[in-house]
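Note: the block below is query_35.cif and it holds mmCIF, C-alpha atoms and all ligand atoms.
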```
data_target
loop_
_atom_site.label_atom_id
_atom_site.label_comp_id
_atom_site.auth_asym_id
_atom_site.auth_seq_id
_atom_site.Cartn_x
_atom_site.Cartn_y
_atom_site.Cartn_z
CA MET U 1 121.78 78.02 83.05
CA THR U 2 120.24 79.52 86.16
CA SER U 3 121.12 83.10 86.96
CA ALA U 4 123.79 83.92 89.48
CA GLY U 5 125.54 86.62 91.41
CA ARG U 6 129.14 86.44 92.58
CA PHE U 7 132.01 87.74 94.64
CA ALA U 8 135.36 87.76 92.87
CA PRO U 9 138.24 88.75 95.13
CA SER U 10 141.84 89.10 94.00
CA PRO U 11 143.97 86.96 96.34
CA SER U 12 146.51 89.67 97.08
CA GLY U 13 146.11 89.52 100.84
CA GLU U 14 143.52 89.26 103.57
CA LEU U 15 140.12 90.81 102.92
CA HIS U 16 139.41 93.91 104.98
CA VAL U 17 136.08 94.94 106.43
CA GLY U 18 135.23 96.92 103.29
CA ASN U 19 135.72 93.83 101.11
CA LEU U 20 133.69 91.72 103.53
CA ARG U 21 130.86 94.24 103.49
CA THR U 22 130.80 94.18 99.69
CA ALA U 23 130.75 90.36 99.73
CA MET U 24 127.84 90.36 102.18
CA LEU U 25 125.96 92.78 99.94
CA ALA U 26 126.66 90.64 96.87
CA TRP U 27 125.29 87.64 98.75
CA LEU U 28 122.20 89.56 99.88
CA PHE U 29 121.49 90.89 96.38
CA ALA U 30 121.85 87.41 94.85
CA ARG U 31 119.83 85.57 97.46
CA SER U 32 117.08 88.20 97.56
CA THR U 33 116.62 87.77 93.81
CA ASP U 34 116.68 83.95 93.88
CA ARG U 35 120.05 83.74 92.23
CA ARG U 36 122.84 81.29 92.87
CA PHE U 37 125.92 82.83 94.47
CA LEU U 38 129.33 81.95 93.09
CA LEU U 39 132.82 82.58 94.33
CA ARG U 40 135.56 83.23 91.81
CA VAL U 41 139.17 83.88 92.65
CA ASP U 42 140.60 86.50 90.28
CA ASP U 43 144.13 85.17 90.48
CA LEU U 44 145.61 86.29 87.17
CA ASP U 45 147.85 88.73 89.00
CA ARG U 46 148.50 90.21 92.44
CA VAL U 47 148.60 86.77 94.07
CA ARG U 48 150.03 86.27 97.54
CA PRO U 49 150.48 82.60 98.43
CA GLY U 50 148.04 81.61 101.15
CA ALA U 51 145.75 84.60 100.66
CA GLU U 52 143.01 82.64 98.90
CA ALA U 53 142.55 80.28 101.85
CA GLU U 54 142.45 83.22 104.27
CA GLN U 55 139.86 84.98 102.14
CA LEU U 56 137.58 81.93 101.92
CA ARG U 57 137.91 81.37 105.66
CA ASP U 58 137.01 85.00 106.44
CA LEU U 59 134.05 85.04 104.06
CA ALA U 60 132.68 81.93 105.78
CA ALA U 61 133.31 83.52 109.19
CA VAL U 62 130.94 86.43 108.40
CA GLY U 63 128.36 84.02 106.99
CA VAL U 64 128.97 84.32 103.25
CA THR U 65 128.32 80.92 101.68
CA TRP U 66 128.57 80.02 98.01
CA ASP U 67 127.23 77.45 95.62
CA GLY U 68 129.46 74.90 93.94
CA ALA U 69 133.21 74.85 93.65
CA VAL U 70 135.39 77.93 93.77
CA VAL U 71 136.53 78.91 90.27
CA ARG U 72 140.02 80.26 89.60
CA GLN U 73 140.88 82.44 86.64
CA THR U 74 144.26 80.76 86.17
CA ASP U 75 142.35 77.59 85.18
CA ARG U 76 140.51 79.37 82.40
CA GLY U 77 143.19 80.46 79.93
CA PRO U 78 141.59 78.74 76.92
CA LEU U 79 138.33 80.69 77.39
CA TYR U 80 140.22 83.99 77.34
CA ALA U 81 142.29 82.92 74.34
CA GLU U 82 139.15 81.97 72.43
CA ALA U 83 137.53 85.36 73.12
CA THR U 84 140.71 87.20 72.13
CA GLU U 85 140.94 85.19 68.91
CA ARG U 86 137.31 85.94 68.11
CA LEU U 87 137.88 89.67 68.53
CA THR U 88 141.05 89.50 66.44
CA ALA U 89 139.30 87.59 63.66
CA ALA U 90 136.68 90.35 63.60
CA GLY U 91 139.40 93.00 63.18
CA LEU U 92 138.74 94.35 66.67
CA THR U 93 142.22 94.13 68.16
CA TYR U 94 145.70 95.42 67.49
CA GLU U 95 149.17 94.99 68.90
CA CYS U 96 150.49 97.74 71.13
CA PHE U 97 154.15 98.24 71.96
CA CYS U 98 153.87 101.35 74.12
CA THR U 99 155.46 101.51 77.53
CA ARG U 100 153.50 103.14 80.33
CA ARG U 101 155.83 106.10 80.09
CA GLU U 102 155.30 106.50 76.34
CA ILE U 103 151.56 106.54 76.90
CA GLN U 104 151.87 109.18 79.63
CA GLU U 105 154.08 111.35 77.46
CA ALA U 106 152.12 111.00 74.23
CA PRO U 107 150.00 113.96 73.25
CA SER U 108 146.39 112.87 73.72
CA ALA U 109 144.37 112.50 70.55
CA PRO U 110 141.99 115.36 69.79
CA HIS U 111 138.61 114.94 71.54
CA SER U 112 139.82 111.90 73.44
CA PRO U 113 139.01 111.96 77.15
CA GLN U 114 141.58 112.21 79.92
CA GLY U 115 143.28 108.90 80.62
CA ALA U 116 142.24 107.29 77.35
CA TYR U 117 144.90 105.45 75.34
CA PRO U 118 146.14 107.99 72.76
CA GLY U 119 146.03 105.49 69.89
CA THR U 120 149.77 105.47 69.16
CA CYS U 121 149.84 101.87 67.85
CA ARG U 122 146.35 101.81 66.32
CA ASN U 123 147.42 102.24 62.71
CA LEU U 124 150.95 100.86 62.52
CA SER U 125 151.99 99.35 59.20
CA ALA U 126 153.07 95.71 59.06
CA ALA U 127 156.67 96.89 58.68
CA GLU U 128 156.42 99.14 61.75
CA ARG U 129 154.91 96.31 63.76
CA GLY U 130 157.67 93.96 62.68
CA ALA U 131 160.34 96.41 63.77
CA LYS U 132 158.69 96.98 67.14
CA ARG U 133 158.19 93.26 67.77
CA ALA U 134 161.94 92.83 67.57
CA VAL U 135 162.31 95.24 70.49
CA ARG U 136 159.59 94.17 72.89
CA PRO U 137 156.57 91.90 73.05
CA ALA U 138 153.18 93.36 72.19
CA ALA U 139 150.17 93.84 74.37
CA ILE U 140 146.82 93.40 72.64
CA ARG U 141 144.33 96.24 72.69
CA LEU U 142 140.71 96.36 71.71
CA ARG U 143 140.02 98.48 68.64
CA ALA U 144 137.07 100.31 70.16
CA GLU U 145 134.60 101.77 67.71
CA ILE U 146 133.04 104.09 70.27
CA ALA U 147 134.50 106.59 72.76
CA GLU U 148 132.02 106.16 75.58
CA ALA U 149 129.15 103.94 76.63
CA THR U 150 126.28 104.10 79.07
CA VAL U 151 125.41 101.36 81.53
CA LEU U 152 122.52 101.04 83.91
CA ASP U 153 123.33 100.51 87.58
CA VAL U 154 120.78 99.58 90.23
CA LEU U 155 122.14 102.16 92.70
CA HIS U 156 123.68 104.76 90.36
CA GLY U 157 121.13 104.76 87.57
CA SER U 158 122.45 105.59 84.13
CA TYR U 159 126.25 105.96 84.08
CA THR U 160 128.26 107.09 81.07
CA GLY U 161 132.01 106.52 80.96
CA VAL U 162 135.04 106.23 78.73
CA VAL U 163 135.57 103.34 76.35
CA ASP U 164 139.05 103.56 74.88
CA ASP U 165 141.32 101.05 73.18
CA PHE U 166 141.95 99.24 76.45
CA VAL U 167 144.38 96.34 76.90
CA ILE U 168 142.85 92.87 76.75
CA ARG U 169 146.13 90.94 76.98
CA ARG U 170 149.19 92.37 78.64
CA ASN U 171 152.58 92.19 76.99
CA ASP U 172 153.65 89.47 79.45
CA GLY U 173 150.87 87.28 78.01
CA VAL U 174 148.55 87.61 81.01
CA THR U 175 144.89 88.23 80.20
CA ALA U 176 143.80 91.66 81.36
CA TYR U 177 141.16 92.01 84.06
CA ASN U 178 138.60 93.68 81.77
CA LEU U 179 138.55 90.74 79.35
CA ALA U 180 138.71 87.99 81.97
CA VAL U 181 135.85 89.44 84.02
CA VAL U 182 133.56 89.71 81.01
CA VAL U 183 134.34 86.22 79.70
CA ASP U 184 134.01 84.60 83.13
CA ASP U 185 130.80 86.32 84.13
CA ALA U 186 129.19 85.22 80.86
CA ALA U 187 130.58 81.66 80.99
CA GLN U 188 129.45 81.24 84.60
CA GLY U 189 125.93 82.51 83.93
CA ILE U 190 126.52 85.50 86.18
CA ASP U 191 123.86 88.06 85.36
CA GLN U 192 124.24 90.23 88.45
CA VAL U 193 127.53 91.93 89.32
CA VAL U 194 127.68 93.50 92.78
CA ARG U 195 131.04 95.12 93.60
CA GLY U 196 132.65 98.23 95.03
CA ASP U 197 131.86 101.48 93.27
CA ASP U 198 135.55 102.08 92.57
CA LEU U 199 134.97 99.73 89.63
CA LEU U 200 132.09 101.75 88.14
CA PRO U 201 134.43 103.63 85.73
CA SER U 202 135.56 100.29 84.20
CA THR U 203 132.00 99.15 83.64
CA PRO U 204 131.25 100.87 80.30
CA ARG U 205 134.35 99.19 78.85
CA GLN U 206 133.22 95.80 80.14
CA ALA U 207 129.64 96.19 78.91
CA TYR U 208 130.92 97.21 75.47
CA LEU U 209 133.26 94.23 75.34
CA ALA U 210 130.41 91.90 76.33
CA SER U 211 128.30 93.26 73.49
CA LEU U 212 131.16 92.77 70.98
CA LEU U 213 131.45 89.14 72.13
CA SER U 214 127.66 88.66 71.91
CA MET U 215 127.61 88.00 75.63
CA PRO U 216 124.81 89.30 77.86
CA VAL U 217 125.48 92.45 79.87
CA PRO U 218 124.80 91.69 83.55
CA GLU U 219 122.82 93.79 85.97
CA TYR U 220 125.29 96.06 87.75
CA VAL U 221 125.15 97.10 91.39
CA HIS U 222 128.09 99.26 92.48
CA VAL U 223 127.99 99.59 96.23
CA PRO U 224 129.54 102.36 98.32
CA LEU U 225 132.98 101.79 99.76
CA VAL U 226 134.08 101.83 103.36
CA LEU U 227 136.26 104.81 104.25
CA ASN U 228 138.88 105.37 106.93
CA ALA U 229 138.77 108.17 109.51
CA HIS U 230 140.24 110.56 106.91
CA GLY U 231 137.43 109.96 104.44
CA VAL U 232 139.69 107.92 102.14
CA ARG U 233 139.03 104.40 100.91
CA LEU U 234 139.89 101.92 103.66
CA ALA U 235 143.21 100.13 103.25
CA LYS U 236 145.12 97.52 105.18
CA ARG U 237 147.41 100.16 106.66
CA ASN U 238 144.44 101.72 108.49
CA GLY U 239 144.96 99.68 111.62
CA ALA U 240 143.00 96.55 112.52
CA VAL U 241 140.74 96.12 109.48
CA THR U 242 141.01 92.38 108.79
CA LEU U 243 139.31 89.66 110.79
CA GLY U 244 142.76 88.41 111.82
CA ASP U 245 143.82 91.76 113.25
CA LEU U 246 140.40 92.41 114.76
CA ALA U 247 140.48 89.07 116.55
CA ILE U 248 143.80 90.09 118.11
CA ALA U 249 142.14 93.35 119.18
CA GLY U 250 139.42 91.29 120.87
CA VAL U 251 136.69 91.72 118.25
CA ALA U 252 135.18 88.41 117.11
CA ALA U 253 134.07 87.72 113.53
CA ALA U 254 130.39 87.64 114.57
CA GLU U 255 130.77 91.12 116.06
CA VAL U 256 132.32 92.39 112.85
CA ARG U 257 129.51 90.82 110.85
CA ASP U 258 126.92 92.53 113.07
CA LEU U 259 128.69 95.86 112.82
CA LEU U 260 128.72 95.60 109.04
CA LEU U 261 125.05 94.61 108.99
CA ALA U 262 124.22 97.59 111.23
CA SER U 263 126.08 99.87 108.82
CA LEU U 264 123.63 98.67 106.15
CA GLY U 265 120.61 99.26 108.37
CA LEU U 266 120.16 95.50 108.78
CA PRO U 267 119.54 93.48 111.95
CA ALA U 268 122.37 91.68 113.73
CA GLY U 269 122.70 87.92 113.49
CA THR U 270 122.95 85.60 110.54
CA LEU U 271 122.87 86.76 106.94
CA GLU U 272 119.68 84.71 106.52
CA ARG U 273 118.07 86.89 109.15
CA ALA U 274 119.20 90.05 107.35
CA LEU U 275 117.93 88.58 104.09
CA ALA U 276 114.42 88.35 105.47
CA VAL U 277 114.21 92.16 105.70
CA PHE U 278 116.71 93.11 102.97
CA ASP U 279 115.43 95.90 100.73
CA ALA U 280 117.86 97.21 98.11
CA ALA U 281 115.94 100.48 97.86
CA ALA U 282 116.50 101.19 101.56
CA LEU U 283 120.29 100.74 101.51
CA PRO U 284 122.42 103.71 102.49
CA ARG U 285 123.70 105.36 99.30
CA GLY U 286 126.81 107.01 100.68
CA PRO U 287 130.13 105.57 101.86
CA TRP U 288 130.45 104.36 105.41
CA GLU U 289 133.23 105.32 107.75
CA TRP U 290 134.83 102.43 109.59
CA PRO U 291 134.65 103.35 113.29
CA GLY U 292 137.88 101.55 114.17
CA ALA U 293 138.54 98.51 116.29
CA GLY U 294 137.43 98.74 119.90
CA ARG U 295 135.76 102.12 119.56
CA HIS U 296 132.66 100.67 117.92
CA ASN U 297 131.65 98.98 121.15
CA ALA U 298 130.86 102.38 122.61
CA ARG U 299 128.43 103.01 119.77
CA SER U 300 126.36 99.89 119.98
N1 LIG C 1 138.88 90.92 91.36
C1 LIG C 1 138.51 92.30 91.33
C2 LIG C 1 139.00 93.00 92.59
O1 LIG C 1 139.14 92.35 93.61
C3 LIG C 1 137.01 92.52 91.28
C4 LIG C 1 136.40 91.99 90.07
C5 LIG C 1 134.96 92.37 89.93
O2 LIG C 1 134.22 92.36 90.92
O3 LIG C 1 134.58 92.64 88.81
O4 LIG C 1 139.24 94.19 92.53
#
```
If you took the structure in this file and wrote it as structure tokens, what would it be?
Amino acid sequence: MTSAGRFAPSPSGELHVGNLRTAMLAWLFARSTDRRFLLRVDDLDRVRPGAEAEQLRDLAAVGVTWDGAVVRQTDRGPLYAEATERLTAAGLTYECFCTRREIQEAPSAPHSPQGAYPGTCRNLSAAERGAKRAVRPAAIRLRAEIAEATVLDVLHGSYTGVVDDFVIRRNDGVTAYNLAVVVDDAAQGIDQVVRGDDLLPSTPRQAYLASLLSMPVPEYVHVPLVLNAHGVRLAKRNGAVTLGDLAIAGVAAAEVRDLLLASLGLPAGTLERALAVFDAAALPRGPWEWPGAGRHNARS
């Protein structure tokens, strides 16, 4: 299988300029390293009807093209089930009956890092499990044999983070993001993962899971986020930040694309043109503040 990069949005709503910038970067990283570029819709949860079509339309409008058909996670249940069964057969999973509240209120295990699952259900007896099953359905957690792992990131270098007994299947039966992303990236031949750096803390968990499943660990590139005027991660409520809203404010998609390219130190125009001079080492390393609709014209 040839190597590939990807963009994998969750279809919860329209993409905003920060998402589009990350997608453009993912495209540039893949194309500049002769990889295919795939589009996967991470639709296991947070789905808003119609959002997928809007997202694909907006990606195309800023020049992001992809190879082959769009893949949807909801079509891939058997792959996730197979991986979960493999982990279970290896003794690497357990059922967890904790509510969110119980986890928050549980005393954390000695030496376990902040936010890590405290291990409440790790060593339940068969009788205890039986009793709890009668009350509520179980989630499935990974029985992690390490507490942290180190990954290598193209922009961040070596990054060490928590690996706890994280959920791989929720108690409503839905595959958890951390399992789905690992299984899909491997099955799709994705060996380069470019995404927002808010996901860096999840990466040690994912790399560990890939190694347990004998799947290759991809190259990671966690790119800086776009911030609002208050220095906080851009969100939909920060005014006109989607192509739809920007069009209403009189800013065309090509202008947005050029503004995003300029924020990366790249020339205006098509992504192909930017690709010709793209140099990962020269990318800005810090977050970028969205100048706001309309105002940016004064800057250019
Ligand atoms: N679907 C995830 C999101 O939109 C990103 C998955 C990934 O890039 O690993 O937050």
Counting all atoms listed in the file, which residues of chain U fall within 10 Å of ligand LIG 1 (chain C), and what is the closest atom pair for each with its distance in Å at one decimal, ordered by chain and rising number, as JSON lines?
```
{"residue": "U:Arg6", "atom": "CA", "partner": "C:LIG1", "partner_atom": "O2", "distance": 8.0}
{"residue": "U:Phe7", "atom": "CA", "partner": "C:LIG1", "partner_atom": "O2", "distance": 6.3}
{"residue": "U:Ala8", "atom": "CA", "partner": "C:LIG1", "partner_atom": "N1", "distance": 5.0}
{"residue": "U:Pro9", "atom": "CA", "partner": "C:LIG1", "partner_atom": "O1", "distance": 4.0}
{"residue": "U:Ser10", "atom": "CA", "partner": "C:LIG1", "partner_atom": "O1", "distance": 4.2}
{"residue": "U:Pro11", "atom": "CA", "partner": "C:LIG1", "partner_atom": "O1", "distance": 7.7}
{"residue": "U:Ser12", "atom": "CA", "partner": "C:LIG1", "partner_atom": "O1", "distance": 8.6}
{"residue": "U:Leu15", "atom": "CA", "partner": "C:LIG1", "partner_atom": "O1", "distance": 9.5}
{"residue": "U:Asn19", "atom": "CA", "partner": "C:LIG1", "partner_atom": "O1", "distance": 8.4}
{"residue": "U:Thr22", "atom": "CA", "partner": "C:LIG1", "partner_atom": "O2", "distance": 9.6}
{"residue": "U:Ala23", "atom": "CA", "partner": "C:LIG1", "partner_atom": "O2", "distance": 9.7}
{"residue": "U:Ala26", "atom": "CA", "partner": "C:LIG1", "partner_atom": "O2", "distance": 9.8}
{"residue": "U:Arg40", "atom": "CA", "partner": "C:LIG1", "partner_atom": "N1", "distance": 8.4}
{"residue": "U:Val41", "atom": "CA", "partner": "C:LIG1", "partner_atom": "N1", "distance": 7.2}
{"residue": "U:Asp42", "atom": "CA", "partner": "C:LIG1", "partner_atom": "N1", "distance": 4.9}
{"residue": "U:Asp43", "atom": "CA", "partner": "C:LIG1", "partner_atom": "N1", "distance": 7.8}
{"residue": "U:Leu44", "atom": "CA", "partner": "C:LIG1", "partner_atom": "N1", "distance": 9.2}
{"residue": "U:Asp45", "atom": "CA", "partner": "C:LIG1", "partner_atom": "N1", "distance": 9.5}
{"residue": "U:Arg46", "atom": "CA", "partner": "C:LIG1", "partner_atom": "O1", "distance": 9.7}
{"residue": "U:Gln73", "atom": "CA", "partner": "C:LIG1", "partner_atom": "N1", "distance": 9.9}
{"residue": "U:Tyr177", "atom": "CA", "partner": "C:LIG1", "partner_atom": "C4", "distance": 7.7}
{"residue": "U:Asn178", "atom": "CA", "partner": "C:LIG1", "partner_atom": "O3", "distance": 8.2}
{"residue": "U:Ala180", "atom": "CA", "partner": "C:LIG1", "partner_atom": "O3", "distance": 9.2}
{"residue": "U:Val181", "atom": "CA", "partner": "C:LIG1", "partner_atom": "O3", "distance": 5.9}
{"residue": "U:Val182", "atom": "CA", "partner": "C:LIG1", "partner_atom": "O3", "distance": 8.4}
{"residue": "U:Asp184", "atom": "CA", "partner": "C:LIG1", "partner_atom": "O3", "distance": 9.9}
{"residue": "U:Asp185", "atom": "CA", "partner": "C:LIG1", "partner_atom": "O3", "distance": 8.7}
{"residue": "U:Val193", "atom": "CA", "partner": "C:LIG1", "partner_atom": "O2", "distance": 6.9}
{"residue": "U:Val194", "atom": "CA", "partner": "C:LIG1", "partner_atom": "O2", "distance": 6.9}
{"residue": "U:Arg195", "atom": "CA", "partner": "C:LIG1", "partner_atom": "O2", "distance": 5.0}
{"residue": "U:Gly196", "atom": "CA", "partner": "C:LIG1", "partner_atom": "O2", "distance": 7.3}
{"residue": "U:Asp197", "atom": "CA", "partner": "C:LIG1", "partner_atom": "O2", "distance": 9.7}
{"residue": "U:Asp198", "atom": "CA", "partner": "C:LIG1", "partner_atom": "O4", "distance": 8.7}
{"residue": "U:Leu199", "atom": "CA", "partner": "C:LIG1", "partner_atom": "O3", "distance": 7.1}
{"residue": "U:Leu200", "atom": "CA", "partner": "C:LIG1", "partner_atom": "O3", "distance": 9.5}
{"residue": "U:Ser202", "atom": "CA", "partner": "C:LIG1", "partner_atom": "O3", "distance": 9.0}
{"residue": "U:Thr203", "atom": "CA", "partner": "C:LIG1", "partner_atom": "O3", "distance": 8.7}
{"residue": "U:Gln206", "atom": "CA", "partner": "C:LIG1", "partner_atom": "O3", "distance": 9.3}
{"residue": "U:Tyr220", "atom": "CA", "partner": "C:LIG1", "partner_atom": "O3", "distance": 10.0}
{"residue": "U:His222", "atom": "CA", "partner": "C:LIG1", "partner_atom": "O2", "distance": 9.4}
```
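Shortest atom-to-atom contact with Phe97 in chain U among U:Glu255, U:Glu85, U:Glu54, U:Asp172: U:Asp172, counting only C-alpha atoms.
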Give me, please, the distance in Å between CA of Gly18 in chain U and CA of Ala276 in chain U, quoted to one decimal. 22.6 Å
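Considering only C-alpha atoms, the residue among U:Ser211, U:Trp290, U:Thr74, U:Gln192 positioned nearest to Leu227 in chain U is U:Trp290.
With CA of Pro118 in chain U on one side and CA of Glu105 in chain U on the other, the separation reads 9.8 Å.
Among the candidate residues U:Pro218, U:Pro201, U:Pro287, U:Gly250, the one lying nearest to Leu234 in chain U is U:Pro287, with distances computed using all atoms listed in the file.
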Kindly provide, as a ChimeraX atom specification, the polymer residues lying within 9 Å of (146.1, 110.9, 81.4), counting all atoms listed in the file and using the coordinates exactly as they appear in the file. /U:103-105,108,113-117
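Between CA of Arg100 in chain U and CA of Thr84 in chain U the separation is 22.0 Å.
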Could you list, as number ranges by chain, every residue within 7 Å of Val162 in chain U, counting all atoms listed in the file and ignoring same-chain residues fewer than 5 positions away? U: 147-149, 204
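All residues of protein, DNA or RNA that reach within 12 Å of Leu87 in chain U, judged by only C-alpha atoms and not counting those fewer than 2 positions away in the chain, are Tyr80, Ala81, Glu82, Ala83, Thr84, Glu85, Ala89, Ala90, Gly91, Leu92, Thr93, Tyr94, Ile140, Arg141, Leu142, Arg143, Ala144, Ile168, Arg169, Leu179, Leu209, Ala210, Ser211, Leu212, Leu213 and Ser214 of chain U.
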Deliver the residues from the most recent selection as a file, using C-alpha atoms, as a compact mmCIF listing (two decimals), keeping the file's coordinate frame.
```txt
# COMPACT_ATOMS: atom_id res chain seq x y z
CA TYR U 80 140.22 83.99 77.34
CA ALA U 81 142.29 82.92 74.34
CA GLU U 82 139.15 81.97 72.43
CA ALA U 83 137.53 85.36 73.12
CA THR U 84 140.71 87.20 72.13
CA GLU U 85 140.94 85.19 68.91
CA ALA U 89 139.30 87.59 63.66
CA ALA U 90 136.68 90.35 63.60
CA GLY U 91 139.40 93.00 63.18
CA LEU U 92 138.74 94.35 66.67
CA THR U 93 142.22 94.13 68.16
CA TYR U 94 145.70 95.42 67.49
CA ILE U 140 146.82 93.40 72.64
CA ARG U 141 144.33 96.24 72.69
CA LEU U 142 140.71 96.36 71.71
CA ARG U 143 140.02 98.48 68.64
CA ALA U 144 137.07 100.31 70.16
CA ILE U 168 142.85 92.87 76.75
CA ARG U 169 146.13 90.94 76.98
CA LEU U 179 138.55 90.74 79.35
CA LEU U 209 133.26 94.23 75.34
CA ALA U 210 130.41 91.90 76.33
CA SER U 211 128.30 93.26 73.49
CA LEU U 212 131.16 92.77 70.98
CA LEU U 213 131.45 89.14 72.13
CA SER U 214 127.66 88.66 71.91
```
Go through range 199-229 of chain U and flag each residue having an atom no more than 12 Å from range 263-268 of chain U; for those, report the closest pair of atoms plus their distance in Å to one decimal, using only C-alpha atoms, ordered by chain and rising number, as CSV.
```
residue,atom,partner,partner_atom,distance
U:Val223,CA,U:Leu264,CA,10.9
U:Pro224,CA,U:Leu264,CA,10.5
U:Leu225,CA,U:Ser263,CA,11.5
U:Val226,CA,U:Ser263,CA,9.9
```
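Residues lying within 9 Å of Asp34 in chain U, counting only C-alpha atoms and ignoring same-chain neighbours fewer than 4 positions away, are Ser3, Ala4, Phe29 and Ala30 of chain U.
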Option closest in space to Arg57 in chain U, from U:Leu275, U:Leu152, U:Ala253, U:Ala126 [counting only C-alpha atoms]: U:Ala253
